[in-house]
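For reference, work-v2.txt is printed below; it contains compact mmCIF, C-alpha atoms and all ligand atoms.
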# COMPACT_ATOMS: atom_id res chain seq x y z
CA MET A 103 -28.04 -1.32 -41.89
CA LYS A 104 -28.69 -0.77 -38.18
CA ILE A 105 -25.84 0.60 -36.11
CA THR A 106 -25.00 -1.92 -33.38
CA ASP A 107 -21.76 -0.45 -32.03
CA ALA A 108 -20.10 2.94 -32.02
CA LYS A 109 -16.86 3.62 -30.17
CA VAL A 110 -13.80 5.83 -29.95
CA ILE A 111 -10.19 4.65 -30.31
CA LEU A 112 -7.67 7.04 -28.72
CA THR A 113 -4.04 6.31 -29.52
CA CYS A 114 -0.69 8.11 -29.39
CA PRO A 115 1.84 6.62 -31.85
CA GLY A 116 4.07 9.69 -31.57
CA ARG A 117 1.06 12.05 -31.41
CA ASN A 118 -2.57 11.72 -30.32
CA PHE A 119 -5.27 10.57 -32.74
CA VAL A 120 -8.99 10.10 -32.08
CA THR A 121 -10.81 7.63 -34.35
CA VAL A 122 -14.55 6.90 -34.42
CA LYS A 123 -15.53 3.35 -35.37
CA ILE A 124 -19.14 2.54 -36.27
CA THR A 125 -20.27 -1.07 -36.81
CA THR A 126 -23.57 -2.28 -38.26
CA GLU A 127 -25.68 -5.39 -37.69
CA ASP A 128 -24.15 -7.10 -40.75
CA GLY A 129 -20.62 -6.71 -39.39
CA LEU A 130 -19.52 -3.88 -41.72
CA TYR A 131 -17.68 -0.99 -40.10
CA GLY A 132 -16.49 2.47 -41.04
CA ILE A 133 -13.98 4.80 -39.38
CA GLY A 134 -13.62 8.58 -39.17
CA ASP A 135 -10.97 10.93 -37.75
CA ALA A 136 -12.07 13.11 -34.81
CA THR A 137 -8.70 14.52 -33.71
CA LEU A 138 -8.67 18.07 -32.34
CA ASN A 139 -5.05 18.87 -31.61
CA GLY A 140 -4.42 19.63 -27.92
CA ARG A 141 -8.10 19.09 -26.99
CA GLU A 142 -8.48 15.41 -27.96
CA LYS A 143 -10.17 14.28 -24.76
CA SER A 144 -12.89 16.93 -24.98
CA VAL A 145 -13.96 15.38 -28.29
CA VAL A 146 -13.71 11.86 -26.84
CA SER A 147 -16.01 12.85 -23.98
CA TYR A 148 -18.44 14.62 -26.33
CA LEU A 149 -18.63 11.48 -28.45
CA GLU A 150 -18.70 8.86 -25.68
CA ASP A 151 -20.95 10.67 -23.24
CA TYR A 152 -23.48 12.11 -25.69
CA VAL A 153 -23.23 11.40 -29.43
CA LEU A 154 -22.38 7.71 -29.85
CA PRO A 155 -24.97 6.22 -27.42
CA ALA A 156 -27.69 8.04 -29.38
CA LEU A 157 -26.58 6.40 -32.68
CA ILE A 158 -27.23 2.80 -31.65
CA GLY A 159 -30.20 1.38 -33.57
CA ARG A 160 -30.19 4.13 -36.23
CA ASP A 161 -29.90 3.32 -39.94
CA ALA A 162 -26.25 3.89 -40.99
CA GLN A 163 -27.38 4.56 -44.58
CA ARG A 164 -29.09 7.81 -43.52
CA ILE A 165 -25.94 9.94 -43.43
CA GLU A 166 -27.74 13.24 -44.00
CA ASP A 167 -30.34 12.58 -41.32
CA ILE A 168 -27.66 11.56 -38.80
CA TRP A 169 -25.63 14.68 -39.71
CA GLN A 170 -28.66 16.88 -38.98
CA PHE A 171 -29.41 14.92 -35.80
CA VAL A 172 -25.89 15.39 -34.39
CA TYR A 173 -25.75 19.04 -35.55
CA ARG A 174 -29.20 20.24 -34.43
CA GLY A 175 -29.84 17.69 -31.69
CA PRO A 176 -27.80 19.21 -28.86
CA TYR A 177 -29.36 22.68 -29.45
CA TRP A 178 -25.79 24.14 -29.12
CA ARG A 179 -24.58 24.28 -32.72
CA ARG A 180 -21.11 24.64 -34.24
CA GLY A 181 -17.82 24.98 -32.32
CA PRO A 182 -14.62 22.97 -32.81
CA VAL A 183 -15.36 20.19 -30.30
CA GLY A 184 -18.87 19.39 -31.48
CA MET A 185 -18.05 19.75 -35.18
CA THR A 186 -14.94 17.54 -34.94
CA ALA A 187 -17.04 14.88 -33.20
CA LEU A 188 -19.67 15.22 -35.94
CA ALA A 189 -16.97 14.88 -38.62
CA GLY A 190 -15.75 11.62 -37.05
CA VAL A 191 -19.26 10.18 -37.23
CA ASP A 192 -19.94 11.53 -40.74
CA VAL A 193 -16.73 10.15 -42.28
CA ALA A 194 -17.27 6.75 -40.60
CA LEU A 195 -20.74 6.65 -42.19
CA TRP A 196 -19.45 7.62 -45.66
CA ASP A 197 -16.78 4.92 -45.30
CA LEU A 198 -19.49 2.41 -44.38
CA LYS A 199 -21.81 3.41 -47.21
CA ALA A 200 -19.05 3.15 -49.79
CA LYS A 201 -17.99 -0.24 -48.41
CA ALA A 202 -21.62 -1.42 -48.57
CA ALA A 203 -21.76 -0.23 -52.21
CA ASN A 204 -18.38 -1.91 -52.85
CA MET A 205 -17.03 1.37 -54.25
CA PRO A 206 -14.17 3.71 -53.43
CA LEU A 207 -15.69 6.75 -51.76
CA TYR A 208 -14.88 9.14 -54.63
CA GLN A 209 -17.17 7.08 -56.90
CA LEU A 210 -20.05 7.58 -54.51
CA LEU A 211 -19.39 11.34 -54.47
CA GLY A 212 -19.78 11.53 -58.26
CA GLY A 213 -16.57 10.09 -59.66
CA ARG A 214 -13.18 11.67 -60.14
CA SER A 215 -12.63 15.10 -61.68
CA ARG A 216 -8.87 14.65 -62.18
CA ASP A 217 -6.16 12.02 -62.64
CA ARG A 218 -4.06 12.92 -59.61
CA ILE A 219 -4.11 15.26 -56.65
CA MET A 220 -1.49 17.97 -56.27
CA THR A 221 -0.17 18.27 -52.72
CA TYR A 222 2.13 20.74 -51.08
CA THR A 223 4.59 19.89 -48.37
CA HIS A 224 6.59 21.97 -45.91
CA ALA A 225 10.14 23.27 -46.31
CA ASN A 226 11.34 24.79 -43.04
CA GLY A 227 14.78 26.11 -42.22
CA GLU A 228 16.43 27.95 -39.36
CA ASP A 229 18.03 30.38 -41.83
CA ILE A 230 17.91 31.10 -45.58
CA GLU A 231 20.57 28.52 -46.40
CA ALA A 232 18.77 25.74 -44.52
CA THR A 233 15.47 26.82 -46.07
CA LEU A 234 16.90 26.62 -49.59
CA ALA A 235 18.18 23.12 -48.76
CA ALA A 236 14.71 22.12 -47.46
CA VAL A 237 13.08 23.42 -50.66
CA GLU A 238 15.57 21.44 -52.74
CA LYS A 239 14.82 18.29 -50.73
CA ALA A 240 11.06 18.68 -51.27
CA ARG A 241 11.58 19.38 -54.95
CA LYS A 242 13.65 16.21 -55.30
CA GLN A 243 10.78 14.26 -53.73
CA GLY A 244 8.68 15.51 -56.62
CA TYR A 245 6.62 18.23 -54.93
CA GLN A 246 5.62 21.03 -57.28
CA ALA A 247 4.05 23.07 -54.47
CA ILE A 248 6.03 23.88 -51.34
CA ARG A 249 5.17 25.84 -48.20
CA VAL A 250 8.18 27.81 -47.03
CA GLN A 251 8.81 28.91 -43.42
CA CYS A 252 12.12 30.36 -42.29
CA GLY A 253 13.69 31.32 -38.96
CA ILE A 254 13.90 35.10 -38.48
CA PRO A 255 17.15 36.66 -37.21
CA GLY A 256 16.58 37.86 -33.65
CA ILE A 257 13.55 35.64 -32.98
CA ASP A 258 14.43 32.56 -30.98
CA LYS A 259 11.54 30.14 -31.55
CA ILE A 260 9.10 30.70 -34.37
CA TYR A 261 6.09 28.94 -35.90
CA GLY A 262 6.83 26.09 -38.27
CA VAL A 263 10.61 25.96 -37.81
CA PRO A 264 11.90 23.23 -35.47
CA LYS A 265 15.32 23.49 -33.87
CA GLY A 266 18.12 21.06 -34.69
CA GLY A 267 16.65 19.68 -37.91
CA LYS A 268 13.86 17.75 -36.13
CA ALA A 269 10.52 17.06 -37.84
CA TYR A 270 8.05 19.87 -37.19
CA GLU A 271 5.38 18.90 -34.65
CA PRO A 272 3.00 21.66 -33.54
CA ALA A 273 2.00 20.12 -30.16
CA ASP A 274 5.50 20.12 -28.71
CA ALA A 275 5.09 19.92 -24.91
CA ASP A 276 2.91 18.56 -22.09
CA LEU A 277 1.75 22.09 -21.21
CA PRO A 278 1.95 25.06 -23.63
CA SER A 279 5.50 26.07 -24.52
CA GLU A 280 6.20 29.69 -25.50
CA GLU A 281 7.33 31.16 -28.80
CA SER A 282 8.28 34.76 -29.42
CA TRP A 283 7.33 37.19 -32.12
CA SER A 284 8.39 40.49 -33.62
CA THR A 285 6.32 41.69 -36.55
CA HIS A 286 8.94 44.28 -37.35
CA LYS A 287 11.77 41.73 -37.68
CA TYR A 288 9.55 39.30 -39.60
CA LEU A 289 8.28 41.84 -42.14
CA ASN A 290 11.76 43.17 -42.80
CA PHE A 291 13.16 39.70 -43.44
CA ILE A 292 10.60 37.42 -45.09
CA PRO A 293 10.49 39.01 -48.60
CA ARG A 294 14.26 38.31 -48.85
CA VAL A 295 13.61 34.63 -48.26
CA PHE A 296 11.26 34.45 -51.25
CA GLU A 297 13.60 36.53 -53.36
CA GLU A 298 16.37 33.98 -52.71
CA ILE A 299 14.09 31.03 -53.44
CA ARG A 300 12.95 32.45 -56.76
CA ARG A 301 16.53 33.31 -57.64
CA GLU A 302 17.65 29.74 -56.90
CA PHE A 303 14.68 27.77 -58.26
CA GLY A 304 13.10 29.99 -60.91
CA PRO A 305 9.45 30.77 -61.55
CA ASP A 306 7.92 27.28 -61.86
CA LEU A 307 7.59 26.07 -58.27
CA HIS A 308 4.33 26.89 -56.49
CA LEU A 309 5.37 28.67 -53.30
CA LEU A 310 3.12 29.03 -50.26
CA HIS A 311 3.63 30.77 -46.92
CA ASP A 312 1.73 30.58 -43.62
CA VAL A 313 1.63 33.74 -41.48
CA HIS A 314 -0.29 31.86 -38.77
CA HIS A 315 -2.66 34.75 -37.97
CA ARG A 316 0.09 37.06 -36.68
CA LEU A 317 -0.31 40.33 -38.57
CA THR A 318 -2.68 43.27 -38.35
CA PRO A 319 -4.64 44.08 -41.54
CA ILE A 320 -2.36 46.87 -42.72
CA GLU A 321 0.75 44.75 -42.03
CA ALA A 322 -0.78 41.90 -44.02
CA ALA A 323 -1.48 44.32 -46.87
CA ARG A 324 2.18 45.39 -46.85
CA LEU A 325 3.42 41.79 -46.85
CA GLY A 326 1.09 40.76 -49.67
CA LYS A 327 2.30 43.71 -51.72
CA GLU A 328 5.98 43.08 -51.05
CA LEU A 329 5.63 39.40 -51.96
CA GLU A 330 3.91 40.15 -55.28
CA PRO A 331 7.12 39.92 -57.36
CA TYR A 332 7.59 36.32 -56.18
CA HIS A 333 4.12 35.17 -57.31
CA LEU A 334 3.02 33.09 -54.35
CA PHE A 335 0.46 30.35 -54.82
CA TRP A 336 -1.03 31.66 -51.57
CA LEU A 337 -0.43 33.64 -48.43
CA GLU A 338 -2.15 31.81 -45.58
CA ASP A 339 -3.86 33.09 -42.43
CA ALA A 340 -2.35 36.55 -42.76
CA VAL A 341 -4.61 37.85 -39.97
CA PRO A 342 -7.03 36.20 -37.53
CA ALA A 343 -10.34 35.61 -39.33
CA GLU A 344 -12.68 36.62 -36.53
CA ASN A 345 -13.62 40.07 -37.84
CA GLN A 346 -13.72 39.18 -41.52
CA ASP A 347 -14.38 42.75 -42.62
CA VAL A 348 -10.66 43.42 -42.19
CA PHE A 349 -9.87 41.27 -45.23
CA LYS A 350 -11.29 44.06 -47.39
CA LEU A 351 -8.32 46.22 -46.50
CA ILE A 352 -5.81 43.50 -47.39
CA ARG A 353 -7.60 42.80 -50.67
CA GLN A 354 -7.60 46.46 -51.68
CA HIS A 355 -3.82 46.51 -51.57
CA THR A 356 -2.57 43.25 -53.01
CA THR A 357 -3.07 40.64 -55.71
CA THR A 358 -1.20 37.96 -53.70
CA PRO A 359 -3.76 35.12 -53.41
CA LEU A 360 -5.13 34.58 -49.90
CA ALA A 361 -5.96 31.31 -48.15
CA VAL A 362 -7.93 30.95 -44.91
CA GLY A 363 -9.99 28.41 -43.01
CA GLU A 364 -8.01 25.66 -41.26
CA ILE A 365 -9.64 26.52 -37.94
CA PHE A 366 -13.14 27.06 -39.38
CA ASN A 367 -15.75 24.48 -38.48
CA SER A 368 -18.89 25.74 -40.19
CA ILE A 369 -20.00 26.88 -43.63
CA HIS A 370 -21.13 30.04 -41.85
CA ASP A 371 -17.47 30.82 -40.98
CA CYS A 372 -16.69 30.77 -44.72
CA ARG A 373 -19.69 32.63 -46.14
CA GLU A 374 -18.63 36.26 -45.80
CA LEU A 375 -15.06 35.72 -47.01
CA ILE A 376 -16.24 33.78 -50.05
CA GLN A 377 -19.23 35.81 -51.14
CA ASN A 378 -17.31 39.08 -50.80
CA GLN A 379 -14.45 37.57 -52.83
CA LEU A 380 -11.97 38.25 -50.06
CA ILE A 381 -10.11 34.94 -50.38
CA ASP A 382 -8.95 32.62 -53.14
CA TYR A 383 -8.58 29.29 -51.31
CA ILE A 384 -10.75 27.83 -48.57
CA ARG A 385 -8.73 25.64 -46.19
CA THR A 386 -11.47 23.86 -44.26
CA SER A 387 -10.74 20.19 -43.61
CA VAL A 388 -12.88 17.07 -43.51
CA VAL A 389 -12.07 16.53 -39.81
CA HIS A 390 -12.68 20.03 -38.46
CA ALA A 391 -15.47 21.22 -40.74
CA GLY A 392 -18.20 18.65 -40.22
CA GLY A 393 -17.04 15.80 -42.45
CA ILE A 394 -17.62 15.10 -46.12
CA THR A 395 -21.25 16.23 -45.83
CA GLN A 396 -20.46 19.84 -44.95
CA MET A 397 -17.24 20.02 -47.01
CA ARG A 398 -19.31 19.35 -50.13
CA ARG A 399 -21.60 22.25 -49.28
CA ILE A 400 -18.67 24.59 -48.62
CA ALA A 401 -16.96 23.62 -51.90
CA ASP A 402 -20.11 24.03 -53.97
CA PHE A 403 -20.75 27.44 -52.40
CA ALA A 404 -17.11 28.48 -52.97
CA SER A 405 -17.28 27.43 -56.63
CA LEU A 406 -19.84 30.19 -57.29
CA TRP A 407 -17.12 32.79 -56.64
CA GLY A 408 -14.17 30.98 -58.21
CA VAL A 409 -12.75 30.07 -54.80
CA ARG A 410 -10.87 26.75 -54.79
CA THR A 411 -10.19 24.22 -52.05
CA GLY A 412 -6.85 23.81 -50.28
CA SER A 413 -7.52 21.51 -47.35
CA HIS A 414 -5.48 21.58 -44.20
CA GLY A 415 -3.38 18.41 -43.87
CA ALA A 416 -0.85 18.81 -41.07
CA THR A 417 0.31 15.74 -39.08
CA ASP A 418 -2.33 16.34 -36.42
CA LEU A 419 -4.96 15.33 -39.00
CA SER A 420 -4.76 11.55 -38.94
CA PRO A 421 -4.23 9.22 -41.92
CA VAL A 422 -7.99 8.55 -41.70
CA CYS A 423 -8.64 12.22 -42.44
CA MET A 424 -6.05 12.18 -45.22
CA GLY A 425 -7.74 9.16 -46.83
CA ALA A 426 -11.17 10.81 -46.75
CA ALA A 427 -9.72 14.17 -47.88
CA LEU A 428 -8.10 12.56 -50.93
CA HIS A 429 -11.41 11.05 -52.06
CA PHE A 430 -12.99 14.47 -51.62
CA ASP A 431 -10.12 16.10 -53.57
CA TYR A 432 -10.39 13.54 -56.38
CA TRP A 433 -14.03 14.47 -56.83
CA VAL A 434 -14.32 18.20 -55.99
CA PRO A 435 -14.55 20.22 -59.24
CA ASN A 436 -13.01 23.39 -57.75
CA PHE A 437 -9.95 21.69 -56.27
CA GLY A 438 -6.84 23.80 -55.66
CA VAL A 439 -4.28 21.85 -53.68
CA GLN A 440 -4.05 19.46 -50.70
CA GLU A 441 -1.62 19.99 -47.82
CA HIS A 442 0.57 16.98 -47.01
CA MET A 443 2.78 16.77 -43.98
CA PRO A 444 3.93 13.13 -43.97
CA HIS A 445 3.08 10.94 -40.97
CA SER A 446 5.92 9.08 -39.29
CA GLU A 447 6.50 5.34 -39.76
CA LEU A 448 5.25 4.76 -36.22
CA MET A 449 1.98 6.58 -36.97
CA GLU A 450 1.62 4.61 -40.17
CA SER A 451 2.15 1.32 -38.28
CA VAL A 452 -1.24 1.90 -36.61
CA PHE A 453 -3.11 2.89 -39.78
CA THR A 454 -3.11 1.01 -43.09
CA ARG A 455 -3.84 3.06 -46.19
CA ALA A 456 -4.76 2.64 -49.83
CA TYR A 457 -3.70 6.15 -50.86
CA GLN A 458 -0.47 6.41 -52.83
CA PHE A 459 2.08 9.16 -53.29
CA GLU A 460 4.07 9.63 -56.46
CA ASP A 461 6.08 12.66 -57.53
CA GLY A 462 4.22 15.23 -55.45
CA PHE A 463 0.79 13.89 -56.36
CA PHE A 464 -1.59 11.51 -54.60
CA THR A 465 -4.24 9.07 -55.73
CA PRO A 466 -6.74 7.76 -53.15
CA GLY A 467 -6.70 4.09 -54.27
CA GLU A 468 -9.54 1.83 -55.35
CA THR A 469 -10.29 0.08 -52.04
CA PRO A 470 -14.01 0.28 -51.13
CA GLY A 471 -14.62 3.07 -48.61
CA HIS A 472 -11.96 5.71 -47.99
CA GLY A 473 -9.28 3.04 -47.90
CA VAL A 474 -7.80 3.71 -44.45
CA ASP A 475 -8.11 1.27 -41.57
CA ILE A 476 -6.89 1.20 -37.98
CA ASP A 477 -5.09 -1.73 -36.35
CA GLU A 478 -6.66 -1.73 -32.89
CA VAL A 479 -4.07 -4.08 -31.39
CA GLU A 480 -1.25 -1.76 -32.50
CA ALA A 481 -3.22 1.32 -31.43
CA ALA A 482 -3.62 -0.09 -27.89
CA LYS A 483 0.17 -0.16 -27.49
CA TYR A 484 0.31 3.64 -27.51
CA PRO A 485 -1.75 5.21 -24.73
CA TYR A 486 -2.88 8.86 -24.81
CA LYS A 487 -0.26 11.37 -23.74
CA ARG A 488 -1.27 14.99 -23.18
CA ALA A 489 0.36 17.39 -25.62
CA SER A 490 -0.31 21.09 -26.04
CA LEU A 491 0.09 23.66 -28.78
CA PRO A 492 2.43 26.56 -27.97
CA VAL A 493 1.46 30.13 -27.19
CA ASN A 494 3.20 33.16 -28.60
CA ARG A 495 4.38 36.42 -26.99
CA LEU A 496 5.60 39.72 -28.36
CA GLU A 497 9.07 40.77 -27.24
CA ASP A 498 7.57 42.89 -24.43
CA GLY A 499 5.71 39.86 -23.04
CA THR A 500 2.26 40.56 -24.52
CA LEU A 501 0.39 37.36 -25.39
CA TRP A 502 -0.08 37.35 -29.17
CA HIS A 503 -1.71 35.09 -31.79
CA TRP A 504 -0.09 31.68 -32.24
O1 LIG B 1 -2.88 21.94 -34.94
C1 LIG B 1 -2.37 23.09 -35.52
C2 LIG B 1 -1.64 22.77 -36.81
O2 LIG B 1 -2.35 21.88 -37.60
C3 LIG B 1 -1.37 24.02 -37.59
O3 LIG B 1 -0.60 24.88 -36.83
C4 LIG B 1 -0.68 23.70 -38.89
O4 LIG B 1 -1.04 25.92 -39.68
C5 LIG B 1 -0.86 24.76 -39.91
C6 LIG B 1 -0.80 24.33 -41.30
O5 LIG B 1 -1.02 25.19 -42.16
O6 LIG B 1 -0.57 23.14 -41.56
MG MG B 2 -1.80 26.97 -41.42
Rendering of file as structure tokens:
Amino acid sequence: MKITDAKVILTCPGRNFVTVKITTEDGLYGIGDATLNGREKSVVSYLEDYVLPALIGRDAQRIEDIWQFVYRGPYWRRGPVGMTALAGVDVALWDLKAKAANMPLYQLLGGRSRDRIMTYTHANGEDIEATLAAVEKARKQGYQAIRVQCGIPGIDKIYGVPKGGKAYEPADADLPSEESWSTHKYLNFIPRVFEEIRREFGPDLHLLHDVHHRLTPIEAARLGKELEPYHLFWLEDAVPAENQDVFKLIRQHTTTPLAVGEIFNSIHDCRELIQNQLIDYIRTSVVHAGGITQMRRIADFASLWGVRTGSHGATDLSPVCMGAALHFDYWVPNFGVQEHMPHSELMESVFTRAYQFEDGFFTPGETPGHGVDIDEVEAAKYPYKRASLPVNRLEDGTLWHW
């Protein structure tokens, strides 16, 4: 199965998506997501200028060898741009191999470990009332796990909460817009939000919350402790995960489960947190952590310490990533939950998908491969449009973590 063509499709049906398409001599093709939000063109250049030309003539069946070639070949290992490019290639090859075997991808990975895949969606509100209404809406759609973000009195624009009831879209402007932050106001308010939600909806719902890296270790410890009565499924990205030693302090103070990893791209980013039992869920994704090939290694390693998967699945991860992620989730023994932020109708007009949603759970479908395809004619109607993630400042103007 010689590779005869390898190309990138860049399209913007409401947001930018980068898709790798690899074709073999017998006309089979596979696709993989290589979208890196706000830095899409860097990945396109990395692929077009360096990676894809070197794949022509190689045997598409040798996924592991090609993974090692793209990883070790440039000498410069890891990093979000290179690893997202590698993921695009890897997932396209898994898609191809499964199509060649006439099997859905999960079968090739070892078969399914469960009947359906639990997903969590987002409930965001500008105040407690709107947040309760958003939780109710998600619950009615069947979700049993819901991530809750709420506007904070006195903070104008905050992570995860769009103004005027619009759908949340992280890359919201041509050049970075600015959000503001006050840890003091946030910490004083957020436990009340969860108190209200538990009061209204009882103990059964799985509740999640994303701090988006904004606290210091001792502040995260306080939040984890104060949220304990509301039994969160997880508290996500409580602090930046650069100096991972700091998680020890959080862990010493709270039994609130911790989730980290959506911006990790290597198994080496995960090692310390997992082997020191500092987290409970690893949030690496197929698209940003080196494809199915590395995700399997991360999950197997995590299983040794009882850490479960909880893959990132915001709208900036394309339907191609979602398709591949769901096959991975169907198989992975130590599955926890899958994030699901629904794509718009316009986005879905460019991608066809076999995966199905019912009552808060997904199944990946039985189509050979990962079951997601791209309509290139539709994709060409939506040219790339630069979009940037926001930055975040403290009230005194200091640039903070977004
Ligand atoms: O591109 C950044 C988004 O994917 C991210 O901000 C979303 O934190 C996020 C989440 O948990 O979905
Ligand atoms: Mg997050």
* To do: Check every protein, DNA and RNA residue against ligand LIG 1 (chain B), keep those with an atom at most 10 Å away (counting all atoms listed in the file), and present them as a ChimeraX atom specification.
  => /A:137-141,223-224,249,261-262,270-273,310-315,338-339,361-365,385,413-419,441-443,490-492,504
* Rank nothing, just name the residue among A:Ser451, A:Ser405, A:Thr221, A:Gln163 nearest to Leu195 (chain A), using only C-alpha atoms. =>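 Under the stated criterion, the closest residue is A:Gln163.
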* Nearby residues (only C-alpha atoms) at most 8 Å from Gly190 (chain A), same-chain spacing under 3 positions excluded, as a list of chain:residue names ->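 The filter keeps A:Thr121, A:Val122, A:Ile133, A:Gly134, A:Asp135, A:Ala136, A:Thr186, A:Ala187, A:Val193, A:Ala194, A:Val389, A:Gly393.
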* Determine, counting all atoms listed in the file, which protein, DNA and RNA residues have an atom within 12 Å of an atom of region 200-202 of chain A; residues of the same chain fewer than 2 positions away are not included. Present the result as number ranges by chain. => A: 103, 125-126, 128-133, 162-163, 165, 193-198, 204-212, 426, 429, 468-474
Now that the selection is made, can you save its residues with C-alpha atoms as an mmCIF file, in the coordinates of the input?
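Saved result, result.cif, follows:
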data_model
loop_
_atom_site.group_PDB
_atom_site.id
_atom_site.type_symbol
_atom_site.label_atom_id
_atom_site.label_comp_id
_atom_site.auth_asym_id
_atom_site.auth_seq_id
_atom_site.Cartn_x
_atom_site.Cartn_y
_atom_site.Cartn_z
ATOM 1 C CA MET A 103 -28.040 -1.320 -41.890
ATOM 2 C CA THR A 125 -20.270 -1.070 -36.810
ATOM 3 C CA THR A 126 -23.570 -2.280 -38.260
ATOM 4 C CA ASP A 128 -24.150 -7.100 -40.750
ATOM 5 C CA GLY A 129 -20.620 -6.710 -39.390
ATOM 6 C CA LEU A 130 -19.520 -3.880 -41.720
ATOM 7 C CA TYR A 131 -17.680 -0.990 -40.100
ATOM 8 C CA GLY A 132 -16.490 2.470 -41.040
ATOM 9 C CA ILE A 133 -13.980 4.800 -39.380
ATOM 10 C CA ALA A 162 -26.250 3.890 -40.990
ATOM 11 C CA GLN A 163 -27.380 4.560 -44.580
ATOM 12 C CA ILE A 165 -25.940 9.940 -43.430
ATOM 13 C CA VAL A 193 -16.730 10.150 -42.280
ATOM 14 C CA ALA A 194 -17.270 6.750 -40.600
ATOM 15 C CA LEU A 195 -20.740 6.650 -42.190
ATOM 16 C CA TRP A 196 -19.450 7.620 -45.660
ATOM 17 C CA ASP A 197 -16.780 4.920 -45.300
ATOM 18 C CA LEU A 198 -19.490 2.410 -44.380
ATOM 19 C CA ASN A 204 -18.380 -1.910 -52.850
ATOM 20 C CA MET A 205 -17.030 1.370 -54.250
ATOM 21 C CA PRO A 206 -14.170 3.710 -53.430
ATOM 22 C CA LEU A 207 -15.690 6.750 -51.760
ATOM 23 C CA TYR A 208 -14.880 9.140 -54.630
ATOM 24 C CA GLN A 209 -17.170 7.080 -56.900
ATOM 25 C CA LEU A 210 -20.050 7.580 -54.510
ATOM 26 C CA LEU A 211 -19.390 11.340 -54.470
ATOM 27 C CA GLY A 212 -19.780 11.530 -58.260
ATOM 28 C CA ALA A 426 -11.170 10.810 -46.750
ATOM 29 C CA HIS A 429 -11.410 11.050 -52.060
ATOM 30 C CA GLU A 468 -9.540 1.830 -55.350
ATOM 31 C CA THR A 469 -10.290 0.080 -52.040
ATOM 32 C CA PRO A 470 -14.010 0.280 -51.130
ATOM 33 C CA GLY A 471 -14.620 3.070 -48.610
ATOM 34 C CA HIS A 472 -11.960 5.710 -47.990
ATOM 35 C CA GLY A 473 -9.280 3.040 -47.900
ATOM 36 C CA VAL A 474 -7.800 3.710 -44.450
#
* Counting all atoms listed in the file, figure out which residue out of A:Gly184, A:Gly256, A:Pro319, A:Pro342 gets nearest to ligand MG 2 (chain B). =>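 When distances to ligand MG 2 (chain B) are compared using all atoms listed in the file, the smallest one comes from A:Pro342.
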* Point-to-point distance in Å for CA of Gln377 (chain A) and CA of His308 (chain A) ->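 Computing the Euclidean distance for CA of His308 (chain A) and CA of Gln377 (chain A) yields 25.8 Å.
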* Which of these, A:Lys123, A:Asp107, A:Arg164, A:Ile369, has the shortest distance to Asp477 (chain A) once you count all atoms listed in the file? -> A:Lys123
* **Between CA of Glu460 (chain A) and CA of Gly425 (chain A), distance in Å (one decimal)** =>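 Going from CA of Glu460 (chain A) over to CA of Gly425 (chain A), I get 15.2 Å.
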* To do: Identify, on the basis of all atoms listed in the file, every residue whose closest approach to Leu154 (chain A) does not exceed 9 Å; exclude the query and any residue fewer than 2 positions from it along the same chain; express the result as a list of chain:residue names.
  =>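 Non-adjacent residues within range: A:Asp107, A:Ala108, A:Lys109, A:Val110, A:Ile124, A:Tyr148, A:Leu149, A:Glu150, A:Asp151, A:Tyr152, A:Ala156, A:Leu157, A:Ile158, A:Val191.
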* Find the distance between CA of Leu188 (chain A) and CA of Asp475 (chain A) and write it in Å to one decimal. => 19.0 Å
* Identify which of the residues A:Pro255, A:Gln346, A:Leu234, A:Trp336 lies closest to Glu297 (chain A), counting all atoms listed in the file when measuring atom-to-atom distances. =>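 Ranking A:Pro255, A:Gln346, A:Leu234, A:Trp336 by distance to Glu297 (chain A), first place goes to A:Leu234.
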* Asked: Quick one: of A:Ala340, A:Leu448, A:Val348, A:Leu501, who's nearest to ligand MG 2 (chain B), counting all atoms listed in the file?
  ->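 Looking at the shortest contact to ligand MG 2 (chain B), the residue is A:Ala340.
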* To do: Find, counting all atoms listed in the file, the residue in A:Ser387, A:Gln246, A:Gln170, A:Ser144 that gets nearest to Ile219 (chain A).
  =>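 That would be A:Gln246, the residue with the smallest distance to Ile219 (chain A).
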* Give me the residues within 8 Å of Asn494 (chain A) as a list in words, counting all atoms listed in the file and dropping any in the same chain fewer than 5 places off. =>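 Surrounding residues, per the criterion: Glu280, Glu281, Ser282, Trp283, Leu501, Trp502, His503 and Trp504 of chain A.
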As JSON, what would the box around region 302-313 of chain A look like: edges along x, y and z, 4 Å added on every side, centre and edge lengths in Å to one decimal?
{"center_x": 9.6, "center_y": 29.9, "center_z": -51.7, "size_x": 24.0, "size_y": 15.7, "size_z": 28.4}
Can you pull out every residue within 9 Å of Glu374 (chain A), counting all atoms listed in the file, but drop anything in the same chain fewer than 4 positions away, and send it as a PDB file with C-alpha atoms, in the frame of the given file?
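Here's the written file around_1.pdb:
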ATOM      1  CA  GLN A 346     -13.720  39.180 -41.520  1.00  0.00           C
ATOM      2  CA  ASP A 347     -14.380  42.750 -42.620  1.00  0.00           C
ATOM      3  CA  HIS A 370     -21.130  30.040 -41.850  1.00  0.00           C
ATOM      4  CA  ASN A 378     -17.310  39.080 -50.800  1.00  0.00           C
ATOM      5  CA  GLN A 379     -14.450  37.570 -52.830  1.00  0.00           C
ATOM      6  CA  LEU A 380     -11.970  38.250 -50.060  1.00  0.00           C
TER       7      LEU A 380
END
* Residues within 12 Å of (-8.7, 24.8, -58.4), counting all atoms listed in the file, listed as a PyMOL selection string -> chain A and resi 215-216+219-220+335+382-384+401+404-405+407-413+431-440
